[in-house]
Structure formats: C-alpha cells, structure tokens
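S.K.: Handing you this structure, nothing more for now.
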Amino acid sequence: MGSYSTKVDRKWQERWEKTRLYSFDRSRVDKKLYCLEMFSYPSGAKLHVGHWYNYGVTDSWARMKRMQGYEVFQPMGFDAFGLPAENFAIKTGVHPYDSTMANIATMQEQLKQMGGMFDWDYELSTCEPEYYKWTQWMFLQLYKAGLAYRKEAPVNWCEHCQTVLANEQVIDGCCERCDQEVTRRNLTQWFFKITEYADELLEKLDELDWPEKTKQMQRHWIGKSVGADITFNVIGHEASFTVFTTRADTLLGATYVVLAPEHPLVEQITTPEQQAEVQAYQNEVAKQSELDRLTTTEKTGVFTGAYAEHPLTGVKLPIWIADYVLASYGTGAVMAVPAHDERDFEFAEKFDLPIVRVVRPASDGVDDCLPFTDYGVLVNSGVYDGLTSEAAKERIVAQLAKVGRAEFRTNYRLRDWLVSRQRYWGAPIPIVYCPECGTVPVPESELPVELPYDVEFTPDGKSPLAKAEDFVHTSCPQCGSAAEREVDTLDTFVCSSWYFLRFPDPHNSEVPFDKEWINKMLPVDMYVGGAEHACMHLLYARFFTKALRDLGYLDFDEPFTKLVHQGIILGPDGNRMSKSRGNVVSPDGYIAEFGSDVFRMYLQFGFNYIEGGPWSEDGIRAVARFVDRVERFIDRMVELKAQGGGKTTIDKGEKELNFVRHQSIKGITEDADKFQFNTAISRLMELTNALYRYDNEQDEKNVAFLSEVTDDLVRLMAPFAPHFSEEMWERLGNSYSVFNQAWPEHDPAALEREVVEMAVQVNGRVRDRIEVAADASEEDVRAIALAAEKVQPYLEGVSVRKVIVIPKRIVNIVVG
C-alpha cells in the first residue's frame with residue numbers, strides 16, 4: 001500500500017484554502033471560462049454518488065482548463081427552496097429553514113473534502129432573503145412587461161388532506177401522503193408567458209453545442225405545428241367549437257369529433273339520456289394527471305348524445321368526450337379521422353365508429369393499410385379528388401375561410417408556465433390585493449417580501465402563508481387602505497432560472513447583477529447536469545435570459561453555450577440505487593478507505609461519463625492499485641535523481657518513451673476535453689507502463705529525460721487525482737503548485753517514428769516482427785519481410801504467390 005490517504009487530502013485542501021489557489025482573478029476576465037455544475041438541492045445530509053459523479057468529474061475537466069491557461073470561474077451554491085424540506089417539517093416538526101441550513105453546512109464541508117476548485121467567495125443559497133429579493137424583483141419585471149399574469153387553472157386536489165399537490169406528489173392517481181384519491185379542480189394561479197418566446201426558443205437551439213437528444217426533446221416540448229383552425233357548429237344549439245389540425249386534407253374523412261371531458265361546452269350540449277354516463281366519466285378523468293392521460297394506451301370515452309355539422313358536407317358527426325383530449329392543449333377539441341390517425345383508428349374500432357379512407361399513397365408499391373398516416377393523393381373527397389395532400393390543405397382551408405369557418409394558424413404544444421405553489425417553503429410572490437386598487441405589485445424599494453418563520457404547516461386546504469395573519473394583512477402600496485398579500489409562493493424552478501446570472505455578482509445589494517460585468521462573464525461556457533432537466537429548468541433558464549435581454553438587463557441570447565449530461569451510476573446489481581433495493585453505494589466508506597482521489601478516478605475510469613453504468617467493487621480496487629503503482633515509480637524517480645549520473649543522449653529507448661509520452665499528451669487532452677475520462681485514464685496507465693518498461697529495459701538511463709517525462713505524468717494526472725498529484729509533485733522536488741503548471745502540449749514531430757515495427761504474416765498468421773525505417777519503400781519492406789529469420793521455415797518448398805504490404809502495420813505473405 002502507498003502513502004496516499006485522506007490525510008494527504010486534508011493537507012492539500014488546507015494549503016489550497018490558505019493560499020487561495022482557486023480564487024477567481026477578476027482582472028483576467030478576458031481569459032474567463034465559466035464552468036458550472038447544476039447546483040445541488042440540500043435535501044439530504046450527505047453527498048451521494050450522483051453528486052460526486054457530477055461535481056467531482058466536472059471539476060477534473062475544469063482543472064485541465066485552468067492548466068491550459070483559462071481563468072476558471074467555478075462557483076457553488078444551493079437550490080434551497082422546495083417541497084422535501086416542507087414535507088420533512090410536517091413529518092418531524094423541524095422547521096424547513098433549520099433543516100435546510102443544517103444540510104447546507106454538511107454539504108459544504110463534504111464538497112470541500114471532495115477537493116473541488118469551487119470559489120466559496122461566490123456561494124449563494126436561494127432561500128436567503130438577499131437572493132430571493134432578486135427572484136421577486138424578476139417577477140416584478142416580468143409583470144410590468146406583461147409576461148406575468150393571473151388566470152384560473154386546474155390543479156391536483158386531495159380532499160382528505162385539503163390541499164393542492166404537485167404532479168410529483170400524485171402516485172397512480174392517489175395522494176402520496178394519505179393514499180386517497182386525487183381529483184382536479186380549478187384555482188386562480190400566476191403564470192409566466194413563456195409562449196411569447198416559443199419561436200426563438202425553437203430557432204436558437206440549432207446554434208447551441210448541446211446533446212442532440214436534449215435539443216430534440218425541447219423541439220418536441222415546444223411542439224410547433226403549422227395548420228388551420230376549423231370551426232364546427234353544434235346541431236340544435238347556438239354553439240360552435242374550433243379544432244386545430246395540421247391535416248386539413250383529411251377533413252372529408254372526419255367521422256366523429258372529440259371534446260376534452262372538462263371542455264365548457266360539454267355540460268351545455270350533453271343530452272339528458274347521456275347526462276349520467278358523461279358525468280361519471282368526467283369524475284373518473286378528474287382523478288388522472290395530464291401526464292397519465294397523454295401516456296395511457298387504453299382508449300376510453302363517452303358519447304354526449306350531441307352532433308356537430310361537418311363544415312364541408314353538412315353531415316352529422318357524433319360528439320364524444322375522451323381523456324386523450326386535454327382542455328389545456330390546443331382548443332380542447334379534435335376532429336377524428338380514423339382512416340388516417342392511429343389514435344383515432346383505435347378509438348373508432350373500439351366504439352364501432354365509421355372509418356372512411358380519403359388519402360391513398362401517391363405511388364404504387366407503398367403499404368396503404370389503414371390507418372394510412374402519410375401524405376398522398378385525395379380520394380372519396382368529391383371536388384378535391386386527385387389533389388396532393390399539400391394542395392388539398394390549401395384549397396380546403398381557403399374554401400372554408402370564405403365562409404368564416406377556417407383560418408391558417410401556427411400552434412404550439414408549449415403552454416405558459418404555471419408558477420404559483422400553495423406551499424410555504426418558497427419565495428413569496430410580491431403582490432398585494434387591495435379592495436380599491438385591485439392587484440398591486442409590491443414596490444421594488446420594499447423587497448424582499450420576507451418569508452415569515454412562524455407558520456403553521458399542517459395541510460388544511462389553505463396555503464400555509466394564508467394562516468400567518470401578520471404576513472397576510474398589510475396596507476396597499478398605492479392608496480394605503482387595508483389590503484392582503486398574495487399567499488402562494490413561487491415555483492422553485494423560478495429560483496434556478498437565473499442563479500447562473502447571480503453567481504458572478506452574488507453580494508450586489510443594489511441590483512441583481514451588474515450589466516457590464518455579467519456581459520463579460522456570461523454565457524456559461526460549460527454546463528453539466530442531469531438530462532431530466534431538458535424540458536423544465538433548461539427551457540425556463542433560456543426564457544429568463546431572453547426576457548431579461550429584451551428588457552435591457554443583459555446583451556446575450558442564450559445562458560449555456562455548451563451542455564453535457566452525466567449518465568446514472570447504478571447499484572452493483574445493475575438497478576437504479578434505492579434504499580428499498582438495498583443497493584445504495586455511499587461514497588463515505590470508500591473515501592475513508594482509499595482517499596477521495598481514488599474514488600474520483602474510479603468514477604472517471606469505470607464508466608462512460610455520458611452513459612454511467614453499474615458500480616463495481618473490483619473497479620475501485622484496480623484504481624487504488626494503479627495509484628500505488630504511480631507512487632512507487634515516483635519514489636524510484638527520486639532515487640534515480642539522488643544517484644545522479646546517467647547518459648545525456650537520446651537513443652532508441654528514449655525515442656520510444658518519448659513517442660508514448662507525446663501520444664499520451666495528445667490523447668488525454670483530446671479525450672478529457674470531450675468528457676471521455678475513461679479513455680484518458682487508460683492512456684495515463686499506458687504512460688506509466690512505458691516508464692516502468694524504460695526503467696527495466698535500459699541499463700544506462702537518461703535520468704534528466706526520464707525526470708521530464710515523469711513530471712509530465714504528474715501534470716497529466718493532476719486534474720484526475722488532484723491531492724495525490726500535489727503530493728507527488730512535491731515529492732519530486734518541484735515548487736507549489738502543480739496546478740500553476742502549464743498543461744503539457746504534444747510535439748507532432750515526436751509522433752513521427754524513425755523506425756516502425758511491423759508484423760509479418762504467412763497466410764494470415766503472424767510468424768515474426770520486423771523493424772523498418774518509417775520512410776522505407778514498399779519494395780524494401782517486402783525484401784526485409786521475406787528475409788526475416790522466423791519466416792524462413794514457412795517459405796521452404798512453397799512458392800510465394802503474393803506479398804501484401806499495409807504501410808507501417810502488417811506484411812502478409814501469401815504462399816501456395
């Protein structure tokens with residue numbers, strides 16, 4: 001066993017802190033590299049493997065960049081508001097502020113023990129008034145710009161707990177607290193108008209260096225579709241409804257229409273005979289979340305008894321309600337064309353509704369089984385027969401537009417962002433309701449609207465803040481009359497939608513950030529975090545950046561230039577880690593046994609960073625043995641230097657080692673830059689093997705040259721094992737710190753070998769190896785191969801039919 005341990009970790013952490021090695025130098029902002037890991041939610045008392053995989057491994061990338069000359073800005077903070085702390089308070093009586101701050105203190109200590117380059121001078125916590133003052137300020141700017149508004153919207157409601165639940169708290173249609181049925185009801189809520197930026201959010205994605213899958217998820221979430229609104233009149237009622245469709249060419253194949261069960265028309269048009277069945281179905285659907293309704297495969301629905309008039313033919317179309325249509329998406333109504341839509345086809349087959357083909361393939365040989373969902377040529381469509389789908393769409397919409405029954409429109413799947421939460425542990429919404437003046441924003445000079453400490457958390461149907469009399473009752477900022485504060489708090493995603501803007505200027509009490517400074521520091525150059533945030537946090541942060549740009553507070557379009565998602569480390573059994581499975585891997589025991597650098601290096605070596613994989617006990621022990629092996633060679637190098645002497649010439653052995661050295665520098669630099677840490681560590685192992693090989697094979701050594709290569713090994717290893725490398729750098733007699741050293745650069749000339757080794761095959765089997773000049777002609781290579789000593793026995797008594805030379809690699813002699 002080598003000398004590396006947590007004792008070495010502590011030694012260098014104390015020295016780094018004492019010498020302020022990682023303090024950001026603001027005067028070098030022109031060389032800045034803003035490296036940011038998605039900040040942590042302090043819900044648990046300890047860092048888990050996922051934290052380490054994000055923060056520790058990304059820190060290695062940032063350390064390499066520092067050695068390459070960048071002024072790395074790597075802050076750390078805490079996404080500290082949120083539901084878990086409030087639930088913990090309800091369960092245990094420990095106040096959310098107290099449990100959160102205790103967890104933050106523990107996590108800070110553990111993050112320091114990790115040995116990250118985090119500059120703690122820039123730390124922030126979203127639950128502190130000096131931060132959420134500016135979250136509230138953001139709300140007010142959006143409100144003034146018409147980008148924050150209030151309207152009625154459906155929420156998840158637990159009758160038993162008398163409270164609103166977030167989607168995450170609804171498990172299989174039941175409340176996670178009491179396991180009772182959850183229903184949907186309408187409440188007045190605050191929204192941010194993210195739809196205003198739908199087009200730009202879509203268009204700018206192409207310019208980002210992000211994983212294509214994430215960009216595709218955002219494109220799908222925004223869901224831009226160009227189509228038409230078509231109006232259907234309800235027969236026997238002074239009522240109509242609009243459907244949005246991208247396939248107006250299939251209109252003559254519509255055989256029924258479907259409304260969302262919660263559509264306001266349903267109550268008005270349902271016939272007395274169908275009333276009971278419709279109401280029972282509505283009650284059943286109210287228990288489902290929107291996500292459940294969109295992802296369910298079972299087709300359910302009920303006929304209302306009412307009919308709509310087909311806008312082109314006047315034919316009666318039955319009006320159904322079904323859970324797969326949502327009132328909150330599009331118009332809450334769809335025209336059903338079962339011959340040309342899979343979902344409509346399944347529904348029609350189940351309920352025995354007509355299926356009429358109106359499009360056939362444009363060319364022969366195409367599978368035209370129903371449902372046929374591609375574009376083609378119209379049939380069974382009267383005057384439109386023979387038109388292509390594209391031409392028919394234009395003609396049909398133009399025809400209906402003449403009578404006011406259709407218009408072309410662009411639709412989006414993206415909906416405005418609901419930011420109200422009927423929760424305590426969040427930033428209060430800075431709004432006052434006055435009987436005289438109505439809705440009044442709190443003046444900026446009165447921010448922050450502080451979250452009161454003494455609040456009753458027990459769920460009883462009211463927002464917890466509604467029970468804090470001193471908080472609720474206030475005076476109107478406009479007229480001075482008695483008024484009441486908004487008692488909902490902001491979604492915690494609001495806090496994390498701008499934290500990256502606050503980090504470079506976290507102690508500014510006058511403005512959320514200095515515009516001139518933030519324009520120099522942003523956008524974030526490297527952002528690392530989980531792929532699960534693709535359609536919420538990453539989209540919201542982009543919206544905030546664009547809105548603040550348009551309001552004149554910053555000058556850039558996007559918050560994160562480059563994005564990397566880390567994979568997930570699974571338990572040793574290959575399943576996701578969970579307490580119930582008993583497969584959770586805790587870092588603490590491994591760090592105590594092996595030191596934090598061995599743990600960090602295993603996370604880099606044992607997994608493809610972007611994919612993750614199952615934990616392996618053998619893997620971490622293999623890394624520990626490698627670290628010991630490097631230390632033994634460092635001790636050998638110290639011994640050789642102490643002995644002195646040695647040759648000064650660069651001969652064959654030195655050239656071979658120099659080749660591996662520069663090959664390693666090139667490969668490690670390229671691999672680590674792409675977050676391919678597993679192959680970077682493999683190359684470190686290859687370089688270590690080459691050093692041992694040189695020492696063992698060379699009787700007379702060039703000690704000065706060997707010392708240079710050993711120094712390069714430690715420099716290359718430093719980002720991946722920072723404490724250990726500092727210790728080895730010092731042991732070699734070098735000056736503090738290895739992280740003030742320049743990252744090694746490869747010499748292309750060293751990769752051009754004068755002599756290359758080539759395998760010689762006879763009929764495909766390797767029989768010998770030869771050395772030839774790198775610039776040898778094919779004729780010379782052929783002659784040397786045929787003369788090779790170990791090849792001779794295989795050429796006796798046979799004729800050489802062909803000699804194939806693959807330059808610098810293989811000679812294959814074909815005999816027969």
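In the structure tokens, the first chain shown is A, the next is B, and so on; residue numbers restart at 1 for each chain, and ligands run from 1 in the order shown.
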For Gly612 in chain A, work out the shell of residues within 10 Å, counting only C-alpha atoms and skipping chain neighbours fewer than 3 positions away, then give it as an mmCIF file with N, CA and C atoms, in the first residue's frame.

M.R.:
```
data_model
loop_
_atom_site.group_PDB
_atom_site.id
_atom_site.type_symbol
_atom_site.label_atom_id
_atom_site.label_comp_id
_atom_site.auth_asym_id
_atom_site.auth_seq_id
_atom_site.Cartn_x
_atom_site.Cartn_y
_atom_site.Cartn_z
ATOM 1 N N TYR A 53 -20.426 12.231 -8.992
ATOM 2 C CA TYR A 53 -20.278 11.986 -10.436
ATOM 3 C C TYR A 53 -20.413 13.285 -11.214
ATOM 4 N N GLN A 566 -24.382 14.046 -17.517
ATOM 5 C CA GLN A 566 -23.747 12.842 -16.997
ATOM 6 C C GLN A 566 -24.764 11.699 -16.976
ATOM 7 N N GLY A 567 -24.252 10.466 -17.087
ATOM 8 C CA GLY A 567 -25.129 9.297 -17.004
ATOM 9 C C GLY A 567 -25.503 9.005 -15.558
ATOM 10 N N ILE A 568 -26.075 7.838 -15.332
ATOM 11 C CA ILE A 568 -26.515 7.455 -13.988
ATOM 12 C C ILE A 568 -25.710 6.241 -13.538
ATOM 13 N N ILE A 569 -25.145 6.326 -12.328
ATOM 14 C CA ILE A 569 -24.438 5.176 -11.774
ATOM 15 C C ILE A 569 -25.469 4.291 -11.083
ATOM 16 N N LEU A 570 -25.493 3.054 -11.495
ATOM 17 C CA LEU A 570 -26.461 2.083 -10.965
ATOM 18 C C LEU A 570 -25.845 1.322 -9.799
ATOM 19 N N LEU A 603 -14.668 6.871 -10.650
ATOM 20 C CA LEU A 603 -15.852 7.401 -11.340
ATOM 21 C C LEU A 603 -15.515 7.793 -12.777
ATOM 22 N N GLN A 604 -14.262 8.190 -13.000
ATOM 23 C CA GLN A 604 -13.840 8.586 -14.347
ATOM 24 C C GLN A 604 -13.451 7.373 -15.191
ATOM 25 N N GLY A 606 -14.143 3.983 -14.542
ATOM 26 C CA GLY A 606 -15.050 2.828 -14.558
ATOM 27 C C GLY A 606 -16.298 2.997 -15.391
ATOM 28 N N PHE A 607 -16.532 4.205 -15.927
ATOM 29 C CA PHE A 607 -17.788 4.470 -16.625
ATOM 30 C C PHE A 607 -17.550 5.345 -17.854
ATOM 31 N N ASN A 608 -18.395 5.160 -18.861
ATOM 32 C CA ASN A 608 -18.509 6.175 -19.897
ATOM 33 C C ASN A 608 -19.323 7.301 -19.265
ATOM 34 N N TYR A 609 -18.748 8.508 -19.146
ATOM 35 C CA TYR A 609 -19.373 9.567 -18.343
ATOM 36 C C TYR A 609 -20.807 9.860 -18.757
ATOM 37 N N TRP A 615 -22.082 -0.080 -10.515
ATOM 38 C CA TRP A 615 -20.932 0.062 -9.619
ATOM 39 C C TRP A 615 -20.178 -1.264 -9.531
#
```

S.K.: For Thr58 in chain A, find every residue with an atom within 9 Å (counting only C-alpha atoms), except residues of its own chain fewer than 4 positions away, and show them as a list in words.

M.R.: Cys35, Leu36, Glu37, Tyr53, Asn54, Ala62, Arg63, Val528 and Phe675 of chain A

S.K.: Those residues you just picked out, can you put them in a file as a short mmCIF file (atom, residue, chain, number, x, y, z; two decimals), in the first residue's frame with N, CA, C and O atoms?

M.R.:
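Ended up saving to selection_17.cif:
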```cif
data_model
loop_
_atom_site.label_atom_id
_atom_site.label_comp_id
_atom_site.auth_asym_id
_atom_site.auth_seq_id
_atom_site.Cartn_x
_atom_site.Cartn_y
_atom_site.Cartn_z
N CYS A 35 -17.40 27.58 -15.75
CA CYS A 35 -17.77 26.16 -15.68
C CYS A 35 -18.75 25.98 -14.54
O CYS A 35 -18.45 26.31 -13.38
N LEU A 36 -19.93 25.47 -14.85
CA LEU A 36 -20.99 25.39 -13.84
C LEU A 36 -21.63 24.01 -13.83
O LEU A 36 -22.03 23.49 -14.87
N GLU A 37 -21.72 23.43 -12.63
CA GLU A 37 -22.50 22.22 -12.45
C GLU A 37 -23.86 22.63 -11.90
O GLU A 37 -23.94 23.57 -11.10
N TYR A 53 -20.43 12.23 -8.99
CA TYR A 53 -20.28 11.99 -10.44
C TYR A 53 -20.41 13.28 -11.21
O TYR A 53 -19.74 13.48 -12.23
N ASN A 54 -21.27 14.18 -10.74
CA ASN A 54 -21.43 15.48 -11.40
C ASN A 54 -20.28 16.42 -11.03
O ASN A 54 -19.53 16.88 -11.88
N ALA A 62 -12.44 21.05 -15.42
CA ALA A 62 -12.13 22.45 -15.15
C ALA A 62 -10.67 22.64 -14.75
O ALA A 62 -10.03 23.63 -15.12
N ARG A 63 -10.12 21.67 -14.00
CA ARG A 63 -8.71 21.76 -13.60
C ARG A 63 -7.79 21.70 -14.82
O ARG A 63 -6.79 22.43 -14.89
N VAL A 528 -23.01 21.42 -16.78
CA VAL A 528 -23.09 19.96 -16.62
C VAL A 528 -24.18 19.59 -15.63
O VAL A 528 -24.25 20.17 -14.53
N PHE A 675 -14.96 14.90 -22.34
CA PHE A 675 -15.52 14.19 -21.19
C PHE A 675 -15.41 12.66 -21.36
O PHE A 675 -16.16 11.91 -20.75
#
```

S.K.: Could you pull out the residues in range 167-337 of chain A that DSSP calls strand (DSSP E) from the backbone, as a ChimeraX atom specification?

M.R.: /A:170-171,174-175,182-192,225-234,240-245,256-259,301-309,316-322,333-336

S.K.: As an exercise, work out the distance from CA of Pro264 in chain A to CA of Phe241 in chain A in Å and give it to one decimal place.

M.R.: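 These atoms are spaced 10.3 Å apart.
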
S.K.: So which residues touch Ile634 in chain A within 12 Å, counting only C-alpha atoms, skipping near sequence neighbours fewer than 5 positions away, as an MDAnalysis selection string?

M.R.: chainID A and resid 2:3 627:629 639:641 688 691:692 695 706:707 709:714 724:725 727:733

S.K.: Which one is closest to Glu109 in chain A: A:Val29, A:Tyr307, A:Arg485, A:Arg10? Count only C-alpha atoms.

M.R.: A:Arg10

S.K.: Can you tell me, as JSON, numbers by chain, which residues in range 148-338 of chain A count as helix (DSSP H, G or I) by DSSP?

M.R.: {"A": [167, 168, 169, 194, 195, 196, 197, 198, 199, 200, 201, 202, 203, 204, 205, 206, 207, 212, 213, 214, 215, 216, 217, 218, 219, 220, 221, 222, 248, 249, 250, 251, 252, 253, 265, 266, 267, 268, 269, 272, 273, 274, 275, 276, 277, 278, 279, 280, 281, 282, 283, 284, 285, 290, 291, 292, 293, 294, 295, 338]}

S.K.: Write out as a count of residues only the residues lying within 7 Å of range 78-88 of chain A, counting only C-alpha atoms and excluding same-chain residues fewer than 4 positions away.

M.R.: 16
